[in-house]
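**Q** There's a structure below that I have some questions on.
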Amino acid sequence: MKQAEELDRTLENISGQHWAGRQPQTYMGERIREIEAQKLALEGSIQRNLEPYAQAICLHLCKKVLVKLPRELRDLVYEYIVTPDYIYAGPQYLTNTGSPCEIDQYAHFWNPQYVGEIMRIELAQMWYRLSLFYFWDRKRNLEVIERFMTYDRWGLGLKPYEHIARVRFDVGDGIIHHDNDSKRPRPCISEQYKAILTEPFKKLAQFRFPNRVQYLIRIHTLGSLENRCFRGDQLHKTLDEIIFQMKALQSAGHRFRVEWSEIDNLEFASKTCTLSSDAWLEEIRRVSSHEIDFLFIELTKPGYGAPV
């Protein structure tokens, strides 16, 4: 440490002489680079010598924490230490190995030589609880969700579904197809739209999450409102199906926020929204452009909803 301080003073003196014009510029530059290289090597040596000492002190402290504090208080400490990640949980996530942590990937508290194996496991559990997992690949979400929930990227024997508390996924991919039977093919809603919308919910429902999960759900109907793809009471039935899934989430103790990608400023939150397709339809009409308002007009005409 004293050597490092002496090198710092030498660099200050040389810089002072340089600015005072007492030494040639070429000589000063070479001398500065030489001392900086010495300082860098010395700092590396200090770090290597201090590391075993730091590991021992940290490990001793962590063992005391495990003995003295109950898990509830330890979790409060972990919440302060662990930085939440925004993880894109797609096919690539499942092909990678090793720690999935991104922001603090190289932090010393993930190293069992500093914190011990038990605390590392508890920290990883907290990371799952705080991080948001975005299942972004709508075409492959079912297989990704299936494997993700039991895939232990940490290699610690953890099951993600037992710890996660924040999930985002999108629904609606493949809901639109082109009606080629008509003389003028136009986009319309697939007859399988109910199954397409509900598949991710059913897959997630297979896992009984012990934590209260906050869901962010984005509905993608890919221009269906603007292009008048919904026919008859399809929009109303679509809302009925989505609301049925929201009621199931709410009854299981979870929370949600639903957004519709085609409509800006549209949000249905579990704390504030009414779980009724009529209420949601009214909100869609309220925030939509005039071009889309025809949906509300058509669907509220006398006879709407009558058996076909």
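Naming works like this for the structure tokens: A, B, ... for the chains as they're shown, residue 1 at the start of each chain, ligands 1 onward in shown order.
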Pick out the residues sitting within 10 Å of Ile103 of chain A, and hand them over as JSON, numbers by chain; count only C-alpha atoms, and ignore anything fewer than 5 positions along from it in its own chain.
**A** {"A": [82, 83, 84, 85, 86]}
**Q** Store the residues picked out above, limited to N, CA and C atoms, as a PDB file, in the first residue's frame.
**A**
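The new file again07.pdb reads:
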```pdb
ATOM      1  N   VAL A  82     -29.540  -7.461  -3.966  1.00  0.00           N
ATOM      2  CA  VAL A  82     -29.776  -7.977  -5.314  1.00  0.00           C
ATOM      3  C   VAL A  82     -30.446  -6.921  -6.194  1.00  0.00           C
ATOM      4  N   THR A  83     -29.903  -6.730  -7.387  1.00  0.00           N
ATOM      5  CA  THR A  83     -30.485  -5.809  -8.358  1.00  0.00           C
ATOM      6  C   THR A  83     -31.433  -6.578  -9.278  1.00  0.00           C
ATOM      7  N   PRO A  84     -32.699  -6.153  -9.392  1.00  0.00           N
ATOM      8  CA  PRO A  84     -33.638  -6.862 -10.271  1.00  0.00           C
ATOM      9  C   PRO A  84     -33.183  -6.806 -11.726  1.00  0.00           C
ATOM     10  N   ASP A  85     -33.326  -7.899 -12.425  1.00  0.00           N
ATOM     11  CA  ASP A  85     -33.002  -7.984 -13.847  1.00  0.00           C
ATOM     12  C   ASP A  85     -34.282  -7.974 -14.680  1.00  0.00           C
ATOM     13  N   TYR A  86     -34.145  -7.599 -15.954  1.00  0.00           N
ATOM     14  CA  TYR A  86     -35.219  -7.740 -16.943  1.00  0.00           C
ATOM     15  C   TYR A  86     -34.731  -8.806 -17.908  1.00  0.00           C
TER      16      TYR A  86
END
```
**Q** Could you pull the residues within 10 Å of Phe207 of chain A, counting only C-alpha atoms, minus those fewer than 5 positions along the same chain, as a list in words?
**A**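 Listed by chain and then number, they are Glu146, Met149, Thr150, Tyr161, Glu162 and Lys202 of chain A.
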**Q** Just list the residues in segment 97-297 of chain A DSSP gives helix (DSSP H, G or I) on the backbone, as a VMD selection string.
**A** chain A and resid 108 to 110 112 to 115 117 to 130 141 to 148 160 to 162 193 to 205 234 to 251 277 to 287 293 to 297
**Q** Print the selection's residues with C-alpha atoms to a file, as a PDB file, in the first residue's frame.
**A**
```
ATOM      1  CA  HIS A 108     -18.718 -11.146  -5.388  1.00  0.00           C
ATOM      2  CA  PHE A 109     -21.913 -12.099  -3.515  1.00  0.00           C
ATOM      3  CA  TRP A 110     -22.663 -14.746  -6.163  1.00  0.00           C
ATOM      4  CA  PRO A 112     -19.779 -19.148  -2.552  1.00  0.00           C
ATOM      5  CA  GLN A 113     -16.192 -18.487  -1.448  1.00  0.00           C
ATOM      6  CA  TYR A 114     -17.470 -15.143  -0.134  1.00  0.00           C
ATOM      7  CA  VAL A 115     -20.992 -15.968   1.065  1.00  0.00           C
ATOM      8  CA  GLU A 117     -23.437 -22.112  -0.638  1.00  0.00           C
ATOM      9  CA  ILE A 118     -26.552 -21.651   1.519  1.00  0.00           C
ATOM     10  CA  MET A 119     -26.585 -17.871   1.227  1.00  0.00           C
ATOM     11  CA  ARG A 120     -25.849 -18.063  -2.496  1.00  0.00           C
ATOM     12  CA  ILE A 121     -28.977 -20.203  -2.908  1.00  0.00           C
ATOM     13  CA  GLU A 122     -31.068 -17.735  -0.920  1.00  0.00           C
ATOM     14  CA  LEU A 123     -29.713 -14.817  -2.961  1.00  0.00           C
ATOM     15  CA  ALA A 124     -30.587 -16.630  -6.206  1.00  0.00           C
ATOM     16  CA  GLN A 125     -34.109 -17.245  -4.893  1.00  0.00           C
ATOM     17  CA  MET A 126     -34.425 -13.507  -4.202  1.00  0.00           C
ATOM     18  CA  TRP A 127     -33.133 -12.744  -7.714  1.00  0.00           C
ATOM     19  CA  TYR A 128     -35.959 -14.833  -9.169  1.00  0.00           C
ATOM     20  CA  ARG A 129     -38.463 -13.034  -6.944  1.00  0.00           C
ATOM     21  CA  LEU A 130     -37.331  -9.526  -7.923  1.00  0.00           C
ATOM     22  CA  ASN A 141     -43.812 -19.377 -25.705  1.00  0.00           C
ATOM     23  CA  LEU A 142     -45.577 -22.610 -24.808  1.00  0.00           C
ATOM     24  CA  GLU A 143     -42.451 -24.739 -25.033  1.00  0.00           C
ATOM     25  CA  VAL A 144     -40.312 -22.026 -23.436  1.00  0.00           C
ATOM     26  CA  ILE A 145     -42.667 -21.616 -20.467  1.00  0.00           C
ATOM     27  CA  GLU A 146     -42.851 -25.384 -20.008  1.00  0.00           C
ATOM     28  CA  ARG A 147     -39.099 -25.750 -19.694  1.00  0.00           C
ATOM     29  CA  PHE A 148     -38.259 -22.428 -18.075  1.00  0.00           C
ATOM     30  CA  PRO A 160     -37.986 -21.061 -10.931  1.00  0.00           C
ATOM     31  CA  TYR A 161     -41.771 -21.356 -10.621  1.00  0.00           C
ATOM     32  CA  GLU A 162     -41.357 -21.671  -6.835  1.00  0.00           C
ATOM     33  CA  TYR A 193     -58.704 -17.461 -31.847  1.00  0.00           C
ATOM     34  CA  LYS A 194     -59.984 -18.587 -28.430  1.00  0.00           C
ATOM     35  CA  ALA A 195     -57.445 -21.399 -28.209  1.00  0.00           C
ATOM     36  CA  ILE A 196     -54.671 -19.096 -29.445  1.00  0.00           C
ATOM     37  CA  LEU A 197     -55.448 -16.541 -26.750  1.00  0.00           C
ATOM     38  CA  THR A 198     -55.794 -18.991 -23.875  1.00  0.00           C
ATOM     39  CA  GLU A 199     -52.845 -21.330 -24.531  1.00  0.00           C
ATOM     40  CA  PRO A 200     -50.244 -19.345 -22.516  1.00  0.00           C
ATOM     41  CA  PHE A 201     -52.642 -18.982 -19.572  1.00  0.00           C
ATOM     42  CA  LYS A 202     -53.347 -22.699 -19.514  1.00  0.00           C
ATOM     43  CA  LYS A 203     -49.660 -23.501 -19.680  1.00  0.00           C
ATOM     44  CA  LEU A 204     -48.876 -21.175 -16.760  1.00  0.00           C
ATOM     45  CA  ALA A 205     -51.805 -22.552 -14.762  1.00  0.00           C
ATOM     46  CA  GLN A 234     -66.143 -11.910 -32.012  1.00  0.00           C
ATOM     47  CA  LEU A 235     -64.657  -8.956 -30.132  1.00  0.00           C
ATOM     48  CA  HIS A 236     -67.104  -9.351 -27.270  1.00  0.00           C
ATOM     49  CA  LYS A 237     -66.405 -13.086 -27.045  1.00  0.00           C
ATOM     50  CA  THR A 238     -62.676 -12.407 -27.175  1.00  0.00           C
ATOM     51  CA  LEU A 239     -63.009 -10.081 -24.214  1.00  0.00           C
ATOM     52  CA  ASP A 240     -65.132 -12.672 -22.411  1.00  0.00           C
ATOM     53  CA  GLU A 241     -62.348 -15.221 -22.851  1.00  0.00           C
ATOM     54  CA  ILE A 242     -59.603 -12.856 -21.656  1.00  0.00           C
ATOM     55  CA  ILE A 243     -61.651 -11.755 -18.640  1.00  0.00           C
ATOM     56  CA  PHE A 244     -62.311 -15.394 -17.721  1.00  0.00           C
ATOM     57  CA  GLN A 245     -58.532 -15.888 -17.550  1.00  0.00           C
ATOM     58  CA  MET A 246     -58.097 -12.688 -15.512  1.00  0.00           C
ATOM     59  CA  LYS A 247     -60.690 -13.883 -13.000  1.00  0.00           C
ATOM     60  CA  ALA A 248     -58.775 -17.148 -12.652  1.00  0.00           C
ATOM     61  CA  LEU A 249     -55.542 -15.247 -11.970  1.00  0.00           C
ATOM     62  CA  GLN A 250     -57.242 -12.979  -9.467  1.00  0.00           C
ATOM     63  CA  SER A 251     -58.912 -15.843  -7.615  1.00  0.00           C
ATOM     64  CA  SER A 277     -66.569  -7.529 -21.118  1.00  0.00           C
ATOM     65  CA  ASP A 278     -69.091  -4.699 -21.398  1.00  0.00           C
ATOM     66  CA  ALA A 279     -66.908  -2.467 -19.214  1.00  0.00           C
ATOM     67  CA  TRP A 280     -63.798  -3.339 -21.212  1.00  0.00           C
ATOM     68  CA  LEU A 281     -65.607  -2.737 -24.495  1.00  0.00           C
ATOM     69  CA  GLU A 282     -66.731   0.660 -23.263  1.00  0.00           C
ATOM     70  CA  GLU A 283     -63.143   1.508 -22.298  1.00  0.00           C
ATOM     71  CA  ILE A 284     -61.898   0.422 -25.736  1.00  0.00           C
ATOM     72  CA  ARG A 285     -64.496   2.680 -27.337  1.00  0.00           C
ATOM     73  CA  ARG A 286     -63.513   5.566 -25.065  1.00  0.00           C
ATOM     74  CA  VAL A 287     -59.792   5.533 -25.822  1.00  0.00           C
ATOM     75  CA  ASP A 293     -65.543   3.462 -32.977  1.00  0.00           C
ATOM     76  CA  PHE A 294     -67.697   1.630 -35.521  1.00  0.00           C
ATOM     77  CA  LEU A 295     -67.033  -1.592 -33.620  1.00  0.00           C
ATOM     78  CA  PHE A 296     -68.830  -0.292 -30.599  1.00  0.00           C
ATOM     79  CA  ILE A 297     -71.706   1.012 -32.696  1.00  0.00           C
TER      80      ILE A 297
END
```
**Q** Tell me, which residues of segment 95-154 of chain A carry DSSP strand (DSSP E or B), written as an NGL selection string?
**A** :A and (132-135)
**Q** Filtering to C-alpha atoms, could you give me those residues as a PDB file, in the first residue's frame?
**A**
```
ATOM      1  CA  LEU A 132     -39.089  -9.616 -14.456  1.00  0.00           C
ATOM      2  CA  PHE A 133     -39.183 -12.516 -16.930  1.00  0.00           C
ATOM      3  CA  TYR A 134     -40.460 -11.606 -20.363  1.00  0.00           C
ATOM      4  CA  PHE A 135     -41.612 -14.524 -22.518  1.00  0.00           C
TER       5      PHE A 135
END
```
**Q** Taking only C-alpha atoms into account, name the residue in A:Cys101, A:Ala107, A:Ser131, A:Gly116 that is nearest to Lys63 of chain A.
**A**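 The answer is A:Gly116, which sits nearest to Lys63 of chain A.
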**Q** Skip His220 of chain A itself and residues of its chain fewer than 5 positions away, then list as a list in words all residues within 7 Å of it, counting only C-alpha atoms.
**A**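 Using only C-alpha atoms, the neighbours found are Asp170, Val171, Gly172, Asp173, Trp260 and Ser261 of chain A.
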**Q** Between A:Thr274, A:Asn111, A:Asn227, A:Gln55, which one has atoms that come closest to Cys188 of chain A, using only C-alpha atoms?
**A**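 Looking at the shortest contact to Cys188 of chain A, the residue is A:Asn227.
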**Q** Quick one, how far is atom CA of Thr272 of chain A from atom CA of Asn211 of chain A?
**A** 21.3 Å
